[in-house]
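Read through the structure below, which is laid out as structure tokens, and then see the notes.
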Amino acid sequence: MTQRRRKKNQWDDHYTRKAKKEKFTARSVYKLQEIQEKYHVIQSGSKVLDLGCSPGSWLQYTAKLVGRKGQVVGIDKKPVTLNLPPYVRVIQGDIFLLDASLDASGDASGETSLGSNYHVVLSDMAPATTGNKIVDSARSLDLCEAALATAQRVLKPGGSFVCKIFQGGDFKAFSDAVRRCFKRHKIFKPQSSRKASKEIYIIGIGKLQEAPCQDTANGQA
Ligand SMILES: C[S@@+](CC[C@H](N)C(=O)[O-])C[C@H]1O[C@@H](n2cnc3c(N)ncnc32)[C@H](O)[C@@H]1O
């Protein structure tokens with residue numbers, strides 16, 4: 001094994017071992033922890049939507065932050081098999097197919113309804129990768145646009161948005177769309193994200209009341 005590869009594996013092992021020791025289901029939790037420690041997007045009592053929540057480490061971490069007075073709703077195509085507190089609800093479904101069952105008009109009680117008035121929308125959604133960087137970043141962008149459209153519908157004014165994106169051709173257009181929707185806009189690569197990975201997080205803080213967001217693909221409002 002080359003020294004470089006050994007170093008990379010040690011790095012992976014550090015976060016994987018840490019997650020196991022701290023009883024988190026995935027090492028991805030440390031990306032959200034770094035974001036939270038830097039930007040403080042989630043508060044005690046917050047209502048949080050977690051898009052692409054399986055296997056569930058962000059749900060575990062967010063549940064601790066919001067506490068019993070908060071609410072967490074997660075969505076993923078894949079199931080979440082963890083035992084989670086009663087104020088965490090998981091909807092199994094595809095973000096692209098959820099629109100029909102969305103109820104953004106109030107706090108929905110239905111199993112598949114998202115509700116509204118969220119303080120925070122998180123998206124760690126990632127497409128199944130093909131190894132082709134152009135295809136992968138285009139699929140990531142589709143997920144990001146769906147996440148931003150959802151955030152526009154369900155976030156309270158002043159709310160925050162955290163979204164993973166694979167950097168590619170339309171990265172800037174998407175980043176600019178987030179910039180237009182929020183008072184503050186940050187781009188952040190957590191240390192726990194693998195250096196070789198194209199992933200990066202775009203963070204919008206303080207959703208604007210009249211958010212002039214645009215569709216990044218066709219420039220339409
Ligand atoms: C990196 S994982 C998320 C890890 C999660 N944050 C955690 O801490 O456990 C990305 C997730 O995005 C989900 N995903 C991808 N496309 C999706 C879609 N169209 N709708 C819903 N979830 C999707 C995948 O099923 C996968 O579980």
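All residue names refer to the structure tokens as shown: chains lettered A, B, ... in order, residues numbered from 1 in each chain, ligands numbered from 1 in order.
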
Can you pull out every residue with an atom within 10 Å of ligand 1? Use only C-alpha atoms and all ligand atoms and format it as a short mmCIF file (atom, residue, chain, number, x, y, z; two decimals) with C-alpha atoms, in the first residue's frame.
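Result saved to selection.cif:
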```cif
data_model
loop_
_atom_site.label_atom_id
_atom_site.label_comp_id
_atom_site.auth_asym_id
_atom_site.auth_seq_id
_atom_site.Cartn_x
_atom_site.Cartn_y
_atom_site.Cartn_z
CA PHE A 24 -24.01 7.49 14.55
CA THR A 25 -25.09 5.37 11.62
CA ALA A 26 -22.79 7.09 9.09
CA ARG A 27 -19.62 9.19 9.00
CA SER A 28 -21.57 11.88 7.04
CA VAL A 29 -22.77 13.19 10.39
CA TYR A 30 -19.48 15.04 10.84
CA LYS A 31 -20.10 17.13 7.71
CA LEU A 32 -23.32 18.48 9.24
CA ASP A 50 -33.85 16.54 5.95
CA LEU A 51 -33.91 15.62 2.24
CA GLY A 52 -31.98 12.42 1.42
CA CYS A 53 -31.95 11.33 5.06
CA SER A 54 -31.05 7.62 4.81
CA PRO A 55 -29.31 5.86 6.53
CA GLY A 56 -30.04 8.53 9.15
CA SER A 57 -26.95 10.08 10.79
CA TRP A 58 -28.14 13.64 10.07
CA LEU A 59 -31.53 12.71 11.59
CA GLN A 60 -29.78 11.42 14.73
CA TYR A 61 -27.68 14.56 15.09
CA THR A 62 -30.51 16.97 14.23
CA GLY A 74 -36.79 13.15 6.75
CA ILE A 75 -37.34 12.01 3.17
CA ASP A 76 -35.46 9.38 1.22
CA LYS A 77 -36.04 6.83 -1.51
CA LYS A 78 -34.42 4.31 0.84
CA PRO A 79 -35.80 3.30 4.22
CA VAL A 80 -34.39 4.43 7.57
CA ILE A 91 -41.25 9.64 4.65
CA GLN A 92 -39.99 7.04 2.19
CA GLY A 93 -40.26 8.52 -1.28
CA ASP A 94 -38.60 10.19 -4.20
CA ILE A 95 -38.23 13.98 -3.99
CA PHE A 96 -39.25 14.26 -7.67
CA LEU A 97 -42.52 12.41 -7.01
CA LEU A 98 -43.51 14.07 -3.75
CA LEU A 122 -31.14 20.27 4.71
CA SER A 123 -30.27 18.33 1.59
CA ASP A 124 -27.52 15.72 1.57
CA MET A 125 -29.12 14.06 -1.47
CA ALA A 126 -26.69 12.41 -3.85
CA PRO A 127 -27.38 10.56 -7.09
CA ALA A 128 -26.13 7.03 -7.67
CA ARG A 139 -27.83 14.58 -11.69
CA SER A 140 -26.63 16.27 -8.50
CA ASP A 142 -31.28 18.18 -10.57
CA LEU A 143 -31.49 17.08 -6.93
CA CYS A 144 -30.25 20.49 -5.74
CA ALA A 146 -35.59 20.07 -6.37
CA ALA A 147 -34.22 20.79 -2.88
CA LYS A 164 -24.80 19.31 -1.01
#
```

Run DSSP on the backbone and grab whatever in segment 24-214 of chain A lands in strand (DSSP E); send it over as a PyMOL selection string.
chain A and resi 47-51+71-76+88-92+118-123+155-166+182-188+199-207

Exercise: Gly45 of chain A partners within 6 Å, only C-alpha atoms, chain neighbours under 3 positions left out, as a list of chain:residue names:
A:Val66, A:Lys69, A:Gly70

With C-alpha atoms retained, could you export that selection as a short mmCIF file (atom, residue, chain, number, x, y, z; two decimals), in the first residue's frame?
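Resulting contents of selection.cif:
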```
data_model
loop_
_atom_site.label_atom_id
_atom_site.label_comp_id
_atom_site.auth_asym_id
_atom_site.auth_seq_id
_atom_site.Cartn_x
_atom_site.Cartn_y
_atom_site.Cartn_z
CA VAL A 66 -33.75 20.36 18.21
CA LYS A 69 -39.78 20.77 21.43
CA GLY A 70 -38.54 20.54 17.86
#
```

Who sits within 9 Å of segment 192-202 of chain A, only C-alpha atoms, same chain under 2 positions skipped, as number ranges by chain:
A: 8, 11-12, 15, 27-28, 30-31, 34-35, 124, 133, 137, 161-168, 175, 178, 185-190, 204

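The shortest atom-to-atom distance to Pro86 of chain A, with only C-alpha atoms taken into account, belongs to A:Gly67 out of A:Leu155, A:Ser160, A:Lys18, A:Gly67.
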
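Proximity ranking of A:Lys172, A:Lys156, A:Lys38, A:Lys23 relative to Glu210 of chain A places A:Lys156 first, based on only C-alpha atoms.
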
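Atom pair atom CA of Leu141 of chain A / atom CA of Gly158 of chain A: separated by 24.0 Å.
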
Have a look at atom CA of Gln43 of chain A and atom CA of His119 of chain A and let me know their distance in Å, one decimal.
8.8 Å

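Put simply, atom CA of Asn132 of chain A is 13.2 Å away from atom CA of Gly169 of chain A.
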
Near Arg184 of chain A, counting only C-alpha atoms, which residues have an atom at most 7 Å away, once you skip same-chain residues fewer than 3 positions from it, shown as a PyMOL selection string?
chain A and resi 179+204-206

Selection above as a file: C-alpha atoms, as a CSV table (one decimal), in the first residue's frame:
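So part_28.csv came out as:
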```csv
chain,number,residue,atom,x,y,z
A,179,ARG,CA,-27.5,33.7,-3.1
A,204,GLY,CA,-28.3,30.0,2.6
A,205,ILE,CA,-29.1,31.8,5.8
A,206,GLY,CA,-32.1,34.1,6.3
```
